[in-house]
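File shown: protein_29.cif (mmCIF, C-alpha atoms).
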data_coords
#
loop_
_atom_site.label_atom_id
_atom_site.label_comp_id
_atom_site.auth_asym_id
_atom_site.auth_seq_id
_atom_site.Cartn_x
_atom_site.Cartn_y
_atom_site.Cartn_z
CA MET A 1 158.61 130.94 96.97
CA LEU A 2 154.93 130.56 96.26
CA GLY A 3 152.16 129.47 98.59
CA VAL A 4 150.05 126.65 97.19
CA THR A 5 146.68 128.24 97.92
CA GLU A 6 145.21 130.76 100.29
CA GLU A 7 143.49 127.90 102.13
CA MET A 8 146.79 126.02 102.42
CA ASP A 9 148.48 129.04 104.01
CA SER A 10 145.72 129.22 106.64
CA PRO A 11 144.79 125.59 107.34
CA THR A 12 141.75 124.77 109.43
CA PHE A 13 142.15 121.80 111.75
CA LYS A 14 139.12 119.75 112.70
CA SER A 15 138.64 118.31 116.17
CA ASP A 16 139.99 114.92 115.07
CA THR A 17 143.10 116.36 113.39
CA VAL A 18 146.48 115.33 114.81
CA LEU A 19 149.63 117.34 114.06
CA SER A 20 153.13 116.19 114.99
CA ASP A 21 155.26 118.67 116.95
CA VAL A 22 158.27 117.68 114.81
CA HIS A 23 156.93 119.88 112.01
CA LEU A 24 156.51 122.84 114.39
CA HIS A 25 159.92 122.67 116.04
CA CYS A 26 161.79 124.74 113.45
CA PRO A 27 160.03 128.08 112.77
CA ASN A 28 159.89 129.15 109.13
CA LYS A 29 161.05 125.74 107.91
CA ARG A 30 160.25 125.25 104.25
CA HIS A 31 158.05 122.33 103.21
CA LEU A 32 157.82 121.25 99.58
CA MET A 33 154.39 119.86 98.70
CA VAL A 34 154.98 117.17 96.10
CA ARG A 35 151.56 115.60 95.55
CA LEU A 36 148.21 114.56 96.99
CA ASN A 37 147.99 111.01 98.26
CA ALA A 38 145.23 108.50 97.49
CA VAL A 39 142.87 110.04 100.05
CA GLY A 40 143.53 113.64 99.01
CA GLN A 41 145.96 114.60 101.78
CA PRO A 42 148.88 116.91 100.85
CA VAL A 43 152.21 115.08 100.91
CA PHE A 44 155.32 117.09 101.76
CA LEU A 45 159.02 116.43 101.26
CA SER A 46 161.29 117.41 104.16
CA TYR A 47 165.05 117.19 104.51
CA PHE A 48 166.45 116.11 107.88
CA LYS A 49 170.17 116.71 108.31
CA LEU A 50 172.30 114.31 110.32
CA LEU A 51 174.57 116.26 112.67
CA TRP A 52 177.79 114.31 112.35
CA ASN A 53 180.24 117.18 112.92
CA THR A 54 181.12 118.53 116.35
CA GLU A 55 180.41 122.07 115.20
CA ASP A 56 176.85 121.02 114.30
CA SER A 57 176.27 118.99 117.44
CA LEU A 58 173.07 119.70 119.33
CA SER A 59 174.95 119.08 122.54
CA GLU A 60 176.90 122.26 121.89
CA LYS A 61 175.71 124.84 119.39
CA HIS A 62 171.96 124.19 119.30
CA VAL A 63 171.62 123.60 123.02
CA ARG A 64 173.57 126.78 123.72
CA GLU A 65 171.30 128.79 121.43
CA ALA A 66 168.17 127.24 122.91
CA THR A 67 169.39 127.95 126.45
CA THR A 68 170.10 131.58 125.58
CA GLU A 69 166.63 131.95 124.06
CA ARG A 70 164.97 130.44 127.12
CA GLU A 71 166.94 132.78 129.41
CA LEU A 72 165.71 135.75 127.40
CA GLN A 73 162.15 134.49 127.70
CA TYR A 74 162.45 134.03 131.44
CA GLN A 75 164.06 137.44 131.91
CA SER A 76 161.31 139.12 129.91
CA GLY A 77 158.69 137.20 131.83
CA ASP A 78 160.26 138.25 135.14
CA GLU A 79 160.20 141.91 134.05
CA LEU A 80 156.50 141.65 133.24
CA CYS A 81 155.80 139.98 136.57
CA ASP A 82 157.70 142.72 138.43
CA LYS A 83 155.59 145.42 136.74
CA ASP A 84 152.39 143.56 137.56
CA ARG A 85 153.44 143.17 141.19
CA ASN A 86 154.17 146.89 141.46
CA ASN A 87 150.75 147.76 140.04
CA LEU A 88 149.07 145.34 142.43
CA LYS A 89 150.95 146.86 145.34
CA LYS A 90 149.76 150.36 144.39
CA GLU A 91 146.15 149.16 144.14
CA ARG A 92 146.34 147.54 147.57
CA GLU A 93 147.75 150.75 149.09
CA LEU A 94 144.89 152.69 147.52
CA ILE A 95 142.31 150.29 148.98
CA ASN A 96 143.84 150.50 152.45
CA ARG A 97 143.89 154.27 152.30
CA GLU A 98 140.49 155.06 150.77
CA GLY A 99 138.54 151.79 150.92
CA VAL A 100 137.05 149.66 148.17
CA GLU A 101 134.99 152.64 147.00
CA ALA A 102 138.15 154.12 145.51
CA LEU A 103 138.07 151.42 142.82
CA LEU A 104 134.38 151.88 141.86
CA ASP A 105 133.11 154.06 139.01
CA GLU A 106 130.06 156.34 139.21
CA ASP A 107 127.74 153.38 138.55
CA GLY A 108 129.26 151.27 141.30
CA ASP A 109 131.14 148.94 138.95
CA LEU A 110 134.68 147.83 139.73
CA GLU A 111 137.07 149.90 137.66
CA VAL A 112 140.39 148.22 136.98
CA VAL A 113 143.14 150.52 135.85
CA ARG A 114 145.41 148.71 133.44
CA ARG A 115 148.87 149.83 132.57
CA PRO A 116 149.46 150.97 128.96
CA ARG A 117 151.04 148.42 126.65
CA SER A 118 154.35 149.73 125.44
CA ALA A 119 156.32 148.49 122.46
CA SER A 120 158.76 146.75 124.79
CA ASP A 121 155.86 144.89 126.42
CA LEU A 122 154.69 143.61 123.06
CA GLU A 123 158.20 142.49 122.19
CA ALA A 124 158.47 140.66 125.51
CA GLU A 125 155.14 138.95 124.87
CA ASP A 126 156.38 137.82 121.48
CA LEU A 127 159.40 136.23 123.17
CA LEU A 128 157.07 134.14 125.32
CA ARG A 129 155.40 132.68 122.24
CA ASP A 130 156.88 130.42 119.62
CA ARG A 131 155.88 131.75 116.24
CA VAL A 132 155.53 128.96 113.74
CA CYS A 133 155.32 130.03 110.12
CA PRO A 134 156.02 127.02 107.88
CA VAL A 135 156.52 128.03 104.26
CA ILE A 136 154.73 125.74 101.82
CA LEU A 137 156.33 125.50 98.38
CA MET A 138 155.09 124.25 95.05
CA LYS A 139 156.89 121.47 93.25
CA GLY A 140 158.66 122.68 90.13
CA LYS A 141 159.94 125.99 91.45
CA GLU A 142 163.61 126.26 90.54
CA ASP A 143 164.43 128.07 93.76
CA ALA A 144 162.33 125.82 96.00
CA PHE A 145 165.49 124.56 97.67
CA GLU A 146 168.57 126.55 96.80
CA ASP A 147 170.73 123.90 98.43
CA GLU A 148 168.95 120.93 96.82
CA GLU A 149 172.13 119.75 95.18
CA GLU A 150 173.58 119.25 98.66
CA CYS A 151 170.67 117.06 99.73
CA THR A 152 171.95 113.94 98.01
CA ARG A 153 174.82 113.79 100.45
CA SER A 154 175.20 111.13 103.10
CA ASP A 155 174.19 113.51 105.90
CA VAL A 156 170.64 114.25 104.72
CA VAL A 157 167.53 112.06 105.02
CA LYS A 158 164.68 112.89 102.65
CA ILE A 159 161.20 111.98 103.88
CA GLU A 160 157.79 112.34 102.29
CA HIS A 161 155.07 112.79 104.91
CA THR A 162 151.81 114.50 105.72
CA MET A 163 151.54 117.25 108.33
CA ALA A 164 148.02 116.92 109.76
CA THR A 165 145.89 113.79 109.67
CA PRO A 166 143.02 112.04 111.46
CA LEU A 167 144.13 109.72 114.25
CA GLU A 168 143.94 106.63 112.04
CA ASP A 169 146.53 108.14 109.66
CA VAL A 170 149.13 109.35 112.19
CA GLY A 171 151.64 106.89 110.71
CA LYS A 172 151.98 109.26 107.76
CA GLN A 173 153.61 111.89 109.97
CA VAL A 174 157.07 112.04 111.55
CA TRP A 175 157.17 111.80 115.34
CA ARG A 176 159.73 112.69 118.00
CA ALA A 177 160.11 109.16 119.36
CA ALA A 178 161.17 107.97 115.89
CA PHE A 179 163.97 110.57 115.99
CA LEU A 180 164.95 109.43 119.48
CA LEU A 181 165.23 105.82 118.33
CA ALA A 182 167.15 106.93 115.23
CA ASP A 183 169.59 108.80 117.48
CA TYR A 184 170.18 105.65 119.52
CA ILE A 185 170.76 103.58 116.38
CA LEU A 186 173.33 106.06 115.10
CA PHE A 187 175.00 106.28 118.51
CA LYS A 188 175.19 102.47 118.82
CA ARG A 189 175.68 101.78 115.11
CA ASP A 190 178.50 99.29 115.68
CA MET A 191 176.13 97.21 117.82
CA PHE A 192 173.53 97.04 115.03
CA ARG A 193 175.99 96.47 112.19
CA CYS A 194 175.06 93.52 109.95
CA CYS A 195 171.97 92.65 112.01
CA SER A 196 168.63 91.50 110.66
CA VAL A 197 165.94 93.82 112.02
CA LEU A 198 162.13 94.01 112.16
CA GLU A 199 160.32 97.32 112.70
CA LEU A 200 156.72 97.25 113.87
CA GLY A 201 154.61 100.26 112.89
CA GLY A 202 157.30 101.79 110.67
CA GLY A 203 155.12 104.67 109.40
CA THR A 204 157.09 106.93 107.05
CA GLY A 205 160.08 104.59 107.42
CA ILE A 206 162.59 107.09 108.80
CA THR A 207 163.76 104.81 111.63
CA SER A 208 164.11 101.81 109.31
CA ILE A 209 166.05 103.96 106.85
CA ILE A 210 168.48 105.01 109.58
CA MET A 211 168.77 101.39 110.68
CA GLY A 212 169.36 100.39 107.04
CA THR A 213 172.56 102.44 106.99
CA VAL A 214 174.17 99.94 109.39
CA ALA A 215 172.08 96.75 109.45
CA LYS A 216 172.21 94.01 106.84
CA ARG A 217 168.45 93.77 106.31
CA VAL A 218 165.46 95.64 107.76
CA TYR A 219 161.83 94.58 107.42
CA CYS A 220 159.85 97.81 107.79
CA THR A 221 156.21 96.89 108.46
CA ASP A 222 152.88 98.65 108.84
CA VAL A 223 149.33 98.47 107.44
CA GLY A 224 147.52 100.42 104.74
CA GLU A 225 148.50 100.42 101.08
CA ASP A 226 148.77 104.22 100.87
CA LEU A 227 151.05 104.41 103.92
CA LEU A 228 153.22 101.52 102.74
CA ALA A 229 153.55 103.14 99.30
CA MET A 230 154.77 106.36 100.98
CA CYS A 231 157.21 104.35 103.10
CA GLU A 232 158.55 102.54 100.02
CA GLN A 233 158.99 105.88 98.25
CA ASN A 234 161.05 107.15 101.19
CA VAL A 235 163.24 104.05 101.07
CA THR A 236 163.84 104.75 97.37
CA LEU A 237 164.65 108.42 98.07
CA ASN A 238 167.36 107.37 100.54
CA LYS A 239 168.95 104.40 98.80
CA HIS A 240 172.19 106.38 98.54
CA LEU A 241 172.45 106.29 102.35
CA MET A 242 172.20 102.51 102.51
CA GLU A 243 174.44 101.66 99.56
CA ALA A 244 177.63 102.39 101.50
CA GLY A 245 176.84 99.73 104.11
CA ARG A 246 175.09 97.47 101.59
CA GLY A 247 172.01 97.52 103.77
CA GLU A 248 168.54 96.63 102.52
CA VAL A 249 165.10 97.84 103.66
CA LYS A 250 162.06 95.79 102.64
CA VAL A 251 158.60 97.34 103.12
CA LYS A 252 156.02 94.74 104.18
CA GLU A 253 152.49 94.57 105.56
CA LEU A 254 152.13 93.34 109.12
CA ASP A 255 148.73 93.69 110.78
CA TRP A 256 148.89 93.28 114.56
CA LEU A 257 145.22 92.34 114.63
CA LYS A 258 145.93 89.22 112.56
CA ASP A 259 147.77 86.12 113.68
CA GLU A 260 149.48 85.37 110.38
CA PHE A 261 151.68 87.13 107.86
CA CYS A 262 150.00 88.23 104.65
CA THR A 263 151.28 85.77 102.02
CA ASP A 264 148.76 86.44 99.24
CA PRO A 265 150.93 86.97 96.12
CA GLU A 266 148.24 89.23 94.65
CA ALA A 267 148.36 91.60 97.64
CA PRO A 268 150.91 94.44 97.57
CA TYR A 269 153.63 94.29 100.25
CA SER A 270 152.87 90.65 101.08
CA TRP A 271 155.50 88.22 102.39
CA SER A 272 157.04 85.34 100.53
CA GLU A 273 157.70 82.09 102.38
CA GLU A 274 161.42 82.74 101.94
CA GLU A 275 161.16 86.14 103.62
CA ILE A 276 159.23 84.74 106.57
CA ALA A 277 161.85 82.01 106.98
CA ASP A 278 164.64 84.59 106.74
CA LEU A 279 162.99 86.69 109.45
CA HIS A 280 162.55 83.74 111.79
CA ASP A 281 166.07 82.42 111.20
CA HIS A 282 168.09 85.64 111.38
CA CYS A 283 166.20 88.44 113.15
CA THR A 284 167.92 89.54 116.36
CA VAL A 285 166.54 93.09 116.76
CA ILE A 286 162.95 94.39 116.84
CA ILE A 287 162.17 98.11 117.01
CA ALA A 288 159.04 100.27 117.33
CA ALA A 289 158.62 104.03 117.81
CA ASP A 290 155.63 106.05 118.97
CA VAL A 291 153.02 103.34 118.51
CA PHE A 292 151.53 103.42 122.03
CA TYR A 293 148.60 105.83 121.82
CA ASP A 294 145.64 103.41 121.81
CA ASP A 295 145.10 100.65 124.39
CA ASP A 296 143.72 98.13 121.90
CA LEU A 297 146.65 98.66 119.52
CA THR A 298 149.09 98.41 122.43
CA ASP A 299 147.61 95.05 123.38
CA ALA A 300 147.76 93.92 119.75
CA LEU A 301 151.40 94.97 119.43
CA PHE A 302 152.46 93.04 122.53
CA ARG A 303 150.60 89.95 121.31
CA THR A 304 152.43 90.27 117.98
CA LEU A 305 155.72 90.77 119.80
CA TYR A 306 155.10 87.68 121.92
CA ARG A 307 154.18 85.56 118.89
CA ILE A 308 157.15 86.65 116.76
CA THR A 309 159.77 86.29 119.51
CA HIS A 310 158.54 82.74 120.15
CA ASN A 311 159.00 81.88 116.47
CA LEU A 312 162.56 83.27 116.22
CA ARG A 313 165.46 80.85 116.19
CA ASN A 314 167.67 83.20 118.23
CA SER A 315 167.28 85.43 121.24
CA CYS A 316 166.53 89.02 120.29
CA THR A 317 166.52 92.53 121.72
CA VAL A 318 163.51 94.83 121.42
CA TYR A 319 163.71 98.64 121.55
CA LEU A 320 160.53 100.62 122.16
CA ALA A 321 160.57 104.43 121.93
CA LEU A 322 157.61 106.52 122.99
CA GLU A 323 156.43 109.89 124.21
CA LYS A 324 154.26 110.28 127.28
CA ARG A 325 151.33 112.50 126.26
CA LEU A 326 149.49 114.21 129.09
CA ASN A 327 145.76 114.90 128.80
CA PHE A 328 143.10 116.30 131.08
CA THR A 329 140.27 113.80 131.50
CA LEU A 330 136.80 114.44 132.92
CA ARG A 331 136.79 110.92 134.35
CA HIS A 332 139.74 111.69 136.60
CA MET A 333 139.30 115.48 136.73
CA ASP A 334 143.05 115.63 136.47
CA VAL A 335 145.94 115.54 134.01
CA THR A 336 146.71 111.91 133.24
CA CYS A 337 148.58 109.78 130.74
CA GLU A 338 146.32 106.77 130.34
CA ALA A 339 147.92 105.40 127.17
CA TYR A 340 151.35 105.46 128.84
CA SER A 341 150.00 103.83 132.01
CA HIS A 342 148.50 101.02 129.95
CA PHE A 343 151.81 100.59 128.11
CA ARG A 344 153.72 100.29 131.40
CA ASN A 345 151.23 97.79 132.81
CA THR A 346 151.44 95.67 129.66
CA LEU A 347 155.24 95.89 129.74
CA ASN A 348 155.23 94.65 133.33
CA ASP A 349 152.89 91.80 132.35
CA LEU A 350 155.29 90.75 129.60
CA GLU A 351 158.23 90.67 131.99
CA SER A 352 156.22 88.59 134.45
CA LEU A 353 155.42 85.88 131.89
CA GLN A 354 156.89 82.48 132.69
CA ASP A 355 156.20 79.93 129.98
CA GLY A 356 159.52 78.10 130.11
CA LYS A 357 160.40 79.12 126.53
CA ILE A 358 161.42 82.79 126.67
CA LYS A 359 162.48 85.04 129.51
CA TYR A 360 161.76 88.75 129.03
CA VAL A 361 164.02 91.24 130.81
CA VAL A 362 162.89 94.88 130.69
CA GLU A 363 165.04 97.93 131.42
CA PRO A 364 164.92 101.64 130.57
CA VAL A 365 167.64 103.18 128.40
CA LYS A 366 169.26 106.38 129.67
CA LEU A 367 168.84 109.22 127.19
CA ASP A 368 172.38 110.52 127.63
CA PHE A 369 173.51 109.63 124.10
CA CYS A 370 174.29 112.12 121.36
CA GLN A 371 171.58 113.83 119.33
CA PHE A 372 172.04 113.52 115.57
CA LEU A 373 168.71 114.97 114.39
CA VAL A 374 167.10 118.34 115.04
CA TYR A 375 164.11 117.91 117.36
CA GLU A 376 163.15 118.69 120.93
CA ARG A 377 164.37 115.87 123.16
CA MET A 378 161.86 116.53 125.90
CA GLU A 379 161.62 114.77 129.26
CA GLN A 380 158.46 112.94 128.19
CA LEU A 381 160.46 110.85 125.72
CA GLU A 382 161.46 107.35 126.80
CA LEU A 383 163.33 104.39 125.36
CA TRP A 384 162.85 100.86 126.69
CA LYS A 385 164.96 97.77 126.05
CA ILE A 386 163.51 94.24 126.23
CA ILE A 387 165.81 91.23 126.08
CA ALA A 388 163.88 88.19 124.82
CA GLU A 389 166.13 85.32 125.87
CA GLN A 390 165.47 81.85 124.45
CA LEU A 391 165.41 79.26 127.28
CA THR A 392 165.02 76.11 125.17
#

Output the file's structure as structure tokens, nothing else.
Amino acid sequence: MLGVTEEMDSPTFKSDTVLSDVHLHCPNKRHLMVRLNAVGQPVFLSYFKLLWNTEDSLSEKHVREATTERELQYQSGDELCDKDRNNLKKERELINREGVEALLDEDGDLEVVRRPRSASDLEAEDLLRDRVCPVILMKGKEDAFEDEEECTRSDVVKIEHTMATPLEDVGKQVWRAAFLLADYILFKRDMFRCCSVLELGGGTGITSIIMGTVAKRVYCTDVGEDLLAMCEQNVTLNKHLMEAGRGEVKVKELDWLKDEFCTDPEAPYSWSEEEIADLHDHCTVIIAADVFYDDDLTDALFRTLYRITHNLRNSCTVYLALEKRLNFTLRHMDVTCEAYSHFRNTLNDLESLQDGKIKYVVEPVKLDFCQFLVYERMEQLELWKIIAEQLT
């Protein structure tokens, strides 16, 4: 295994760089760099295994291992705390017996006696930290993936993605909420079988690809030619997954800031009139994952959602997956989640709409379904269901 460059092994992240935690969840995971995209960003190929078998289930093996590791961390942390408490107790006894002067040096400065750091202390400290050492591989190495021949099976999803981007390019990364929505699709696959589906903000396309294994047709949409080309490449890499169910994933441009579909035949990823008619006549499911991080984009998405649901012939169900991201703000002088608060307010506004044409019913989805992909299903993840019922 060969590192690409010295700079690649020690990347420097600028203040506007965003890195998905999905890529940091598995320490020492190997990432194959396959190319540079149109804007010079490294593109990696990762393999995500679907945990179909009981022996691979995260609800058993992986959760058990994670619980054991956390217990070790807590135990080590408790041992360190006990030692610190003992030292503090001794210092207090010394002060009570001899006064504060006992802790001053010859110059009158406070002299703090620290306990020596033993090897066991260093090991315990290591347990409290997650070491992340992704191995970056060069394309063309014969041993880059020893098990590559197994990765054309029906239990592996291959995704090209970037690993650190500016905020405007976050769609090129893989995010936890996309995995959460993919889990739900796989858990409820009979419910989605043979449906016509629209994904808003599809990014790398992983959720649409999973949906394509059960649905009849999926329109995976986003903006940006470079991103859509990456998404289309991922669809091609995973055609073997969709062939069994005869599903189809079409990559299309859909800009939430515009009121119309792009129908220019000269533009890549534009819509034909037939495809727009097919969407309006047959779509019954709309999905979106981790697209609520900017208030203006959230507003634009809900306007697009409102417009499309009013043009559909049938009632449809919308599934929105997201992660609440907490940030400290100077304006509030507290930890807040402003993007999530705006999402919830906009969601409530949608449910309150009464135009006599569509009734929107909003409800949260319990996250008690099986986990089929390896990621951290943290408590900040949420899945919302919106039923858009046609009234006329």

Matched chain/residue IDs from the PyMOL selection byres ((chain A and resi 358) around 7), as a list of chain:residue names: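 Checked against the file, the PyMOL selection byres ((chain A and resi 358) around 7) matches A:Asp355, A:Gly356, A:Lys357, A:Lys359, A:Tyr360, A:Ala388, A:Glu389, A:Gln390, A:Leu391.
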
Pick from A:Met242, A:Leu353, A:Val174, A:Leu373 nearest to Leu186 in chain A, counting only C-alpha atoms: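 Of A:Met242, A:Leu353, A:Val174, A:Leu373, the one nearest Leu186 in chain A is A:Leu373, counting only C-alpha atoms.
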
Selection: 12 Å around Phe187 in chain A, only C-alpha atoms, excl. self and same-chain fewer than 3 positions, as a list in words: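 The residues satisfying every condition are Leu50, Leu51, Trp52, Leu180, Leu181, Ala182, Asp183, Tyr184, Asp190, Met191, Phe192, Arg193, Ile210, Met211, Val214, Leu367, Asp368, Phe369, Cys370, Gln371, Phe372 and Leu373 of chain A.
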
Using C-alpha atoms, can you write the selected residues to a file as a compact mmCIF listing (two decimals), keeping the file's coordinate frame?
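Listing of selection.txt after writing:
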# COMPACT_ATOMS: atom_id res chain seq x y z
CA LEU A 50 172.30 114.31 110.32
CA LEU A 51 174.57 116.26 112.67
CA TRP A 52 177.79 114.31 112.35
CA LEU A 180 164.95 109.43 119.48
CA LEU A 181 165.23 105.82 118.33
CA ALA A 182 167.15 106.93 115.23
CA ASP A 183 169.59 108.80 117.48
CA TYR A 184 170.18 105.65 119.52
CA ASP A 190 178.50 99.29 115.68
CA MET A 191 176.13 97.21 117.82
CA PHE A 192 173.53 97.04 115.03
CA ARG A 193 175.99 96.47 112.19
CA ILE A 210 168.48 105.01 109.58
CA MET A 211 168.77 101.39 110.68
CA VAL A 214 174.17 99.94 109.39
CA LEU A 367 168.84 109.22 127.19
CA ASP A 368 172.38 110.52 127.63
CA PHE A 369 173.51 109.63 124.10
CA CYS A 370 174.29 112.12 121.36
CA GLN A 371 171.58 113.83 119.33
CA PHE A 372 172.04 113.52 115.57
CA LEU A 373 168.71 114.97 114.39

Surrounding residues of Ile276 in chain A excluding itself and chain neighbours under 2 positions, 12 Å, all atoms listed in the file, as a list in words: Leu198, Tyr219, Lys252, Glu253, Leu254, Glu260, Phe261, Cys262, Thr263, Ser270, Trp271, Ser272, Glu273, Glu274, Asp278, Leu279, His280, Asp281, His282, Cys283, Ile308, Asn311 and Leu312 of chain A

Residues near Asp294 in chain A, cut-off 12 Å, only C-alpha atoms, skip fewer than 6 positions along chain, as JSON, numbers by chain: {"A": [167, 168, 170, 300, 301, 325, 337, 338, 339, 340, 341, 342, 343]}

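Once the PyMOL selection byres ((chain A and resi 38) around 12) is applied to this file, the selection holds Arg35, Leu36, Asn37, Val39, Gly40, Gln41, Pro42, Val43, Gly224, Glu225, Asp226, Leu227, Leu228, Ala229 and Met230 of chain A.
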
Nearest to Trp384 in chain A by atom-to-atom distance, counting all atoms listed in the file, from A:Gly202, A:Tyr293, A:Ile287, A:Leu326: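 Looking only at the distances to Trp384 in chain A, the closest residue turns out to be A:Ile287.
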
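From CA of Glu248 in chain A back to CA of Arg303 in chain A, the distance works out to 26.8 Å.
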
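You will find CA of Gly247 in chain A at 16.3 Å from CA of Asp155 in chain A.
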
Target residues per the PyMOL selection byres ((chain A and resi 160) around 12), formatted as a ChimeraX atom specification: /A:31-37,42-48,157-159,161-163,171-174,203-206,227-238

What would the file look like if the residues just selected were written as a PDB file, in the coordinates of the input with C-alpha atoms?
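So the final result, stored in result29.pdb, reads:
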ATOM      1  CA  HIS A  31     158.050 122.330 103.210  1.00  0.00           C
ATOM      2  CA  LEU A  32     157.820 121.250  99.580  1.00  0.00           C
ATOM      3  CA  MET A  33     154.390 119.860  98.700  1.00  0.00           C
ATOM      4  CA  VAL A  34     154.980 117.170  96.100  1.00  0.00           C
ATOM      5  CA  ARG A  35     151.560 115.600  95.550  1.00  0.00           C
ATOM      6  CA  LEU A  36     148.210 114.560  96.990  1.00  0.00           C
ATOM      7  CA  ASN A  37     147.990 111.010  98.260  1.00  0.00           C
ATOM      8  CA  PRO A  42     148.880 116.910 100.850  1.00  0.00           C
ATOM      9  CA  VAL A  43     152.210 115.080 100.910  1.00  0.00           C
ATOM     10  CA  PHE A  44     155.320 117.090 101.760  1.00  0.00           C
ATOM     11  CA  LEU A  45     159.020 116.430 101.260  1.00  0.00           C
ATOM     12  CA  SER A  46     161.290 117.410 104.160  1.00  0.00           C
ATOM     13  CA  TYR A  47     165.050 117.190 104.510  1.00  0.00           C
ATOM     14  CA  PHE A  48     166.450 116.110 107.880  1.00  0.00           C
ATOM     15  CA  VAL A 157     167.530 112.060 105.020  1.00  0.00           C
ATOM     16  CA  LYS A 158     164.680 112.890 102.650  1.00  0.00           C
ATOM     17  CA  ILE A 159     161.200 111.980 103.880  1.00  0.00           C
ATOM     18  CA  HIS A 161     155.070 112.790 104.910  1.00  0.00           C
ATOM     19  CA  THR A 162     151.810 114.500 105.720  1.00  0.00           C
ATOM     20  CA  MET A 163     151.540 117.250 108.330  1.00  0.00           C
ATOM     21  CA  GLY A 171     151.640 106.890 110.710  1.00  0.00           C
ATOM     22  CA  LYS A 172     151.980 109.260 107.760  1.00  0.00           C
ATOM     23  CA  GLN A 173     153.610 111.890 109.970  1.00  0.00           C
ATOM     24  CA  VAL A 174     157.070 112.040 111.550  1.00  0.00           C
ATOM     25  CA  GLY A 203     155.120 104.670 109.400  1.00  0.00           C
ATOM     26  CA  THR A 204     157.090 106.930 107.050  1.00  0.00           C
ATOM     27  CA  GLY A 205     160.080 104.590 107.420  1.00  0.00           C
ATOM     28  CA  ILE A 206     162.590 107.090 108.800  1.00  0.00           C
ATOM     29  CA  LEU A 227     151.050 104.410 103.920  1.00  0.00           C
ATOM     30  CA  LEU A 228     153.220 101.520 102.740  1.00  0.00           C
ATOM     31  CA  ALA A 229     153.550 103.140  99.300  1.00  0.00           C
ATOM     32  CA  MET A 230     154.770 106.360 100.980  1.00  0.00           C
ATOM     33  CA  CYS A 231     157.210 104.350 103.100  1.00  0.00           C
ATOM     34  CA  GLU A 232     158.550 102.540 100.020  1.00  0.00           C
ATOM     35  CA  GLN A 233     158.990 105.880  98.250  1.00  0.00           C
ATOM     36  CA  ASN A 234     161.050 107.150 101.190  1.00  0.00           C
ATOM     37  CA  VAL A 235     163.240 104.050 101.070  1.00  0.00           C
ATOM     38  CA  THR A 236     163.840 104.750  97.370  1.00  0.00           C
ATOM     39  CA  LEU A 237     164.650 108.420  98.070  1.00  0.00           C
ATOM     40  CA  ASN A 238     167.360 107.370 100.540  1.00  0.00           C
TER      41      ASN A 238
END

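Distances from A:Asn348, A:Asn314, A:Thr17, A:Ser196 to Ile286 in chain A were compared using only C-alpha atoms, and the smallest one belongs to A:Ser196.
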
Given all atoms listed in the file as the counted atoms, nearest of A:Thr298, A:Ser154, A:Thr165, A:Thr317 to Val197 in chain A: A:Thr317

Point-to-point distance in Å for CA of Leu200 in chain A and CA of Thr221 in chain A: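 Distance reported for this atom pair: 5.4 Å.
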